[in-house]
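Encoded as structure tokens, the structure appears first; notes follow it.
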Amino acid sequence: MTVPTTSPDVLPHPAHVISTTALPAKDRRRDRLLRIKLVIARTGLSVATIYRREADGTFPKKERIGPRSVGWYESDIDDFVADPLNYRSP
């Protein structure tokens, strides 16, 4: 949304400014990748529910670790387990 200004000294109201700053990236250097069996054990969800919730954005995104394998970051799974009803994938 653009706000018309009458002079270059007039700035838009902060409520009308869209933030372009992104959330800081997580430090993944010490984060483990968990395979599906461990994710199931930690969350108590089925494979179908995990993939469905991931598609809906209510479960962490998987990371491809090989041609036929994926994993989830342990810190993302921990965040999900801490508050599964309100979790939203970034």
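Identifiers in the structure tokens: chain A, B, ... in order shown; residue index from 1 per chain; ligand index from 1 in order shown.
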Exercise for review: Might you pull out every residue within 12 Å of stretch 38-52 of chain A, with only C-alpha atoms counted and same-chain residues fewer than 6 positions away left off, and present them as number ranges by chain?
Suggested key: A: 32, 58-62, 70-84
Point to revise | Between atom CA of A:Tyr87 and atom CA of A:Pro67 - distance in Å to one decimal | key: 28.4 Å
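Distance-wise, atom CA of A:Arg64 and atom CA of A:Pro90 end up 17.2 Å apart.
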